[in-house]
Amino acid sequence: MRRGDLAALATAGFGAWLLWSQYSNIATLSWWYDRTEYVESMRGTMLPSPDYELGTLPWKVAQPRVFDVKPDRIVVVTDAEPYAYQAFASVDTHGAKAADIQFEAEIEQGGTTIGLLQAGKWIAVNSSQRRGRFADSNTTQLGHNRSITVVIANNNPAGETRLTMKSLRLYLRK
Amino acid sequence: MIRLGALARIAIGIEFAVAVAIIVYAGLHNFRDVFQGAPPAVRVRISASCDAADGSGSCEASLIELNPGRYRIVTSTPSTRLSATLAADDPRRARYLLVRLSQPASVRLAIEPRGEGGTEGADGVDLLDTGRVVIPLASAPSVALSFVPMPAGPSPAASAAPVAAAAPIAIDELGVFEQRSGLLTDVRAVFPAIPPLRYHGTLVPRAIAALCLFTIVAAVFLPPGGLKRYGPLILPVVCFSLCLVDLAILFSPYFAHDLRTFYAGGDLSQPPGTNLNGGLHQGFRLLTGRGLTLMDGVVAWERMPGYALFCAAAGILFGHRTLLDLALSTVLLQTICYSAAVGVFAWAAGSLFPPAAVWAVGLLMAWLPKQLGLTQVDALIASSAILVTAALCLRLARVRDRRAVPVAVDVLVHLTFAVWFALRPDVLPGWLGVSLFLHWKSWRRLLIPLTLFLAIGGAWGAYKARYTGEFALTTTSAGASLFCGLWEVPSHFRFAEACRDETYFDWIHEHTPFQPQSAAASSFATREVVKFWLTYPGHLVIMVVHKLMRTLDGDLWPGYQTQLQVFVFGAVGRYWIVLPLVTIIGLCTALGYQRERTLLLGWPLLFNAPIFWVMFASLGRFYSAVGVALLAAAVAPIFERDFYAALRSRPRRVISVVACAAVFAIVAWPFHDWLLRQDGFHYWTPLLDPAASRLSALK
């Protein structure tokens with residue numbers, strides 16, 4: 001095969017990849033915005049049953065000073081290490097292709113990050129360093145890994161954070 | 001297998017077409033957002049008043065119509081309240097109120113429907129200066145709005161009571177609309193869920209930049225005949241789209257200020273003569289029969305007439321009902337001219353370069369950072385430089401083919417230089433140098449540039465003389481430019497700070513009886529600057545080295561970078577792009593490969609950039625011709641087989657040039673930094689007594 005033909009083949013392949021990857025990236029992001037808007041719009045309405053809720057997630061703690069689980073809330077007082085994971089709950093995805101998370105917390109002091117991990121990487125993150133109500137939604141596409149982890153982390157560079165998780169719903173979408 | 005290669009080329013052709021279609025669509029989609037700023041508003045009758053903060057009662061609310069139905073309102077003094085009444089011709093269509101607060105940081109807006117059908121009572125909305133807000137309106141014949149300044153801050157308690165105003169109230173946008181769509185986000189057929197900032201600010205420009213780079217590679221595999229035939233038609237459209245992609249980021253109505261609010265709240269509210277409004281005022285006054293003047297009896301001392309004439313032409317073509325309309329018309333014509341210049345270049349260069357090289361150079365010119373949203377002459381210099389390059393390509397092609405160069409071609413070449421001269425006089429050294437190079441064997445043709453120079457300079461000089469009483473063929477700002485140029489390198493000298501016209505005026509008044517705008521003042525300043533160079537030769541050397549390094553560091557591609565350019569410049573620093581291109585010019589020169597072509601097309605590197613190493617460079621905004629020339633001279637050889645054959649034929653010279661370039665690349669910045677720390681050299685006075693200089697005072 002001539003070098004020119006090889007170069008043409010490589011360029012054609014590169015072009016196809018480029019066009020597809022650009023479309024795919026933007027389409028994924030568009031899906032995310034669409035989906036997040038939908039999930040957020042569901043707040044305050046009759047919410048469908050989530051796959052997991054605050055009380056049904058299998059929480060494990062890292063090193064918070066307080067992690068007090070009650071039927072309708074969890075009180076968390078983190079340790080002083082900035083950005084450290086405080087509590088996490090790993091669940092099986094059951095082959096889901098996407099996950100939606102919706103939560104409401106009350107930050108009394110410091111800041112927090114609430115999100116989803118898969119294969120050790122953040123795939124959805126929401127953070128706040130402001131006192132008061134912190135309610136948000138997020139959505140993400142899932143990889144092939146069979147489990148995801150819901151994480152509550154300290155996001156206070158100055159030290160301890162106090163917050164109350166009032167609700168957290170996790171939806172797994174096939 | 002040959003069939004596979006042919007199939008790959010067909011696929012590349014399709015991908016190329018798709019990429020170009022996407023680029024064009026992405027750009028043209030932004031046209032209305034850039035030039036209108038909002039969908040058509042509902043026509044309203046509007047009145048406004050305000051309460052002065054000091055209780056004097058002397059407060060005026062001025063209204064500027066941005067588009068029919070969309071207004072900017074600003075109070076003349078610090079105010080405790082701005083009131084406006086909007087009465088729509090068709091109240092049923094008045095369903096949404098668009099507001100954008102500029103200052104103060106926070107106001108309480110009370111909305112009170114009035115008249116039959118209007119709901120009793122007022123709604124209150126807290127507004128921040130963070131962008132557009134859309135508020136639904138109750139159906140009523142008219143609506144009364146009241147803006148009361150509030151303390152800024154997150155605390156609800158803090159915003160419970162109004163505070164005394166410390167600044168005028170400015171509402172950048174106020175209008176009534178029938179529909180909400182198109183106010184907070186653009187109406188998009190694709191990916192409508194993505195917010196405008198993310199979509200237009202990042203995703204689109206980065207994707208477009210990647211596609212542009214792909215088309216440069218793909219062009220190599222396209223049929224040369226087709227690319228040569230259709231390239232000059234496609235490139236201007238692609239260029240226009242890329243310009244719009246840039247403008248939509250810099251002047252987005254959704255996450256920045258659209259062009260109309262930018263100008264209405266910016267330079268058009270300033271007295272005539274600023275960088276962005278000088279040409280507009282001159283053009284507007286010309287169109288309204290008041291001459292090419294800035295104000296009654298005042299001509300621009302630091303400008304040639306070309307840009308004002310250009311503004312007037314834009315007004316004739318696209319409208320000049322108000323100064324704001326003229327500004328938008330000018331930006332549009334600037335964009336069209338830039339795109340057309342790229343098209344002309346593609347057509348002219350087609351006879352000189354391989355089609356893929358023409359596409360690459362043309363597309364890179366279209367992709368460069370630009371200043372097209374700004375109504376100042378610098379926005380047109382790149383277009384002029386591209387036209388000069390195009391004309392030189394036509395001439396070079398004839399010389400290469402050993403055909404005689406008709407007088408008409410030389411007239412065309414010099415006409416393009418003359419256009420530049422009519423805009424800005426910095427072309428003169430280069431025009432002279434190129435003219436001598438082109439016509440040293442047929443010196444009679446030097447009469448062409450001489451005639452054009454005298455015609456333009458003489459006409460402008462004679463026109464100005466009616467107002468100034470003195471005759472000057474160009475501007476009378478060379479002294480001011482040299483004066484300000486001295487301080488563009490860190491030093492301990494008294495004036496080593498941002499140099500402005502006022503700094504120069506004060507200095508002239510301090511030392512002479514001359515009017516600072518006069519030729520006499522310019523001559524005085526020039527003499528003093530030359531004396532200063534001789535007094536402090538170290539400062540001159542450091543200044544030139546510093547500005548040279550800034551030029552190589554990317555200042556030669558001035559203009560606002562958006563993600564369209566950051567996509568590349570973020571991955572590879574501009575210094576590491578500029579130096580290889582300069583090295584290619586060095587290789588062509590050292591190897592004798594297309595030496596004449598390379599030096600002619602790259603003339604601004606030799607004759608234009610160095611001017612600004614001693615004169616005022618203004619952070620590099622004057623360099624756009626240099627960046628264009630670098631591309632024209634250095635990119636084309638990359639696409640030419642003969643260039644590589646020339647490289648192979650003289651390996652020692654190639655190694656020498658590349659080694660020198662590599663050493664320079666590595667050593668230049670450390671040397672520059674070291675040199676700037678050498679105060680002993682910087683303030684060394686071996687020739688003249690510093691006490692004799694009127695510029696040498698240290699801080």
# chains A, B, ... in the order shown; residues from 1 in each chain; ligands from 1
>>> select_by_dssp(residues="range 107-158 of chain A", states="strand (DSSP E or B)", output="ChimeraX atom specification")
/A:107-109,112-118,121-128,132-141,147-154
>>> write_last_selection(atoms="C-alpha atoms", output="compact mmCIF listing (two decimals), in the first residue's frame")
# COMPACT_ATOMS: atom_id res chain seq x y z
CA ILE A 107 -25.00 23.12 56.63
CA GLU A 108 -24.44 24.59 60.07
CA GLN A 109 -20.71 25.11 59.73
CA THR A 112 -19.54 19.66 52.15
CA THR A 113 -19.29 17.70 48.94
CA ILE A 114 -21.93 15.14 48.08
CA GLY A 115 -21.50 12.98 45.02
CA LEU A 116 -21.05 9.66 43.31
CA LEU A 117 -17.90 7.66 42.76
CA GLN A 118 -17.39 4.86 40.30
CA LYS A 121 -13.42 8.48 40.22
CA TRP A 122 -15.95 11.20 40.85
CA ILE A 123 -18.72 10.95 38.29
CA ALA A 124 -21.10 13.45 39.91
CA VAL A 125 -20.19 16.15 42.39
CA ASN A 126 -22.11 18.88 44.19
CA SER A 127 -20.36 21.12 46.67
CA SER A 128 -21.24 24.01 48.93
CA GLY A 132 -27.80 27.10 55.27
CA ARG A 133 -29.89 24.93 53.02
CA PHE A 134 -27.99 22.98 50.39
CA ALA A 135 -30.41 21.21 48.06
CA ASP A 136 -29.38 20.05 44.63
CA SER A 137 -29.65 17.35 42.00
CA ASN A 138 -27.18 15.69 39.70
CA THR A 139 -27.12 13.03 37.07
CA THR A 140 -24.47 10.94 35.39
CA GLN A 141 -23.97 8.17 32.92
CA SER A 147 -21.13 -0.67 41.71
CA ILE A 148 -21.27 3.02 42.54
CA THR A 149 -20.59 4.79 45.80
CA VAL A 150 -22.47 7.69 47.35
CA VAL A 151 -20.03 9.87 49.25
CA ILE A 152 -20.35 12.60 51.85
CA ALA A 153 -17.07 14.49 52.24
CA ASN A 154 -15.78 17.40 54.22
>>> interface_residues(of="chain B", to="chain A", cutoff="9 Å", atoms="only C-alpha atoms", output="MDAnalysis selection string")
chainID B and resid 1:2 4:13 15:16 18:19 191:195 199 203:204 207 210:211 214:215 217:218 221
>>> atom_distance(atom1="CA of Phe353 in chain B", atom2="CA of Gly627 in chain B")
18.9 Å
>>> residues_around(residues="range 367-380 of chain B", least_positions_apart="5", cutoff="6 Å", atoms="only C-alpha atoms", output="number ranges by chain")
B: 276, 307, 331, 559-561
>>> write_last_selection(atoms="N, CA and C atoms", output="PDB file, in the first residue's frame")
ATOM      1  N   LEU B 276     -12.466  54.107  20.902  1.00  0.00           N
ATOM      2  CA  LEU B 276     -13.568  53.412  20.248  1.00  0.00           C
ATOM      3  C   LEU B 276     -14.634  54.338  19.677  1.00  0.00           C
ATOM      4  N   TYR B 307     -10.239  55.546   8.584  1.00  0.00           N
ATOM      5  CA  TYR B 307     -11.190  54.808   9.408  1.00  0.00           C
ATOM      6  C   TYR B 307     -12.517  55.560   9.536  1.00  0.00           C
ATOM      7  N   VAL B 331     -19.043  47.535  12.908  1.00  0.00           N
ATOM      8  CA  VAL B 331     -18.571  46.202  13.299  1.00  0.00           C
ATOM      9  C   VAL B 331     -18.944  45.178  12.213  1.00  0.00           C
ATOM     10  N   GLY B 559      -5.510  40.887  19.842  1.00  0.00           N
ATOM     11  CA  GLY B 559      -6.953  40.642  19.817  1.00  0.00           C
ATOM     12  C   GLY B 559      -7.326  39.769  20.995  1.00  0.00           C
ATOM     13  N   TYR B 560      -8.611  39.670  21.202  1.00  0.00           N
ATOM     14  CA  TYR B 560      -9.095  38.912  22.352  1.00  0.00           C
ATOM     15  C   TYR B 560      -9.133  37.423  22.019  1.00  0.00           C
ATOM     16  N   GLN B 561      -8.447  36.656  22.841  1.00  0.00           N
ATOM     17  CA  GLN B 561      -8.480  35.203  22.642  1.00  0.00           C
ATOM     18  C   GLN B 561      -9.749  34.636  23.261  1.00  0.00           C
TER      19      GLN B 561
END
>>> residues_around(residues="Trp359 in chain B", least_positions_apart="2", cutoff="10 Å", atoms="only C-alpha atoms", output="list in words")
Thr215, Ile216, Val217, Ala219, Val220, Leu227, Lys228, Gly231, Pro232, Ile234, Leu235, Ala346, Ala349, Gly350, Phe353, Pro354, Pro355, Ala356, Ala357, Val361, Gly362, Leu363, Leu364, Met365 and Ala636 of chain B
>>> residues_around(residues="Gly55 in chain B", least_positions_apart="2", cutoff="12 Å", atoms="only C-alpha atoms", output="NGL selection string")
:B and (50-53 or 57-59 or 77-81 or 164-165)
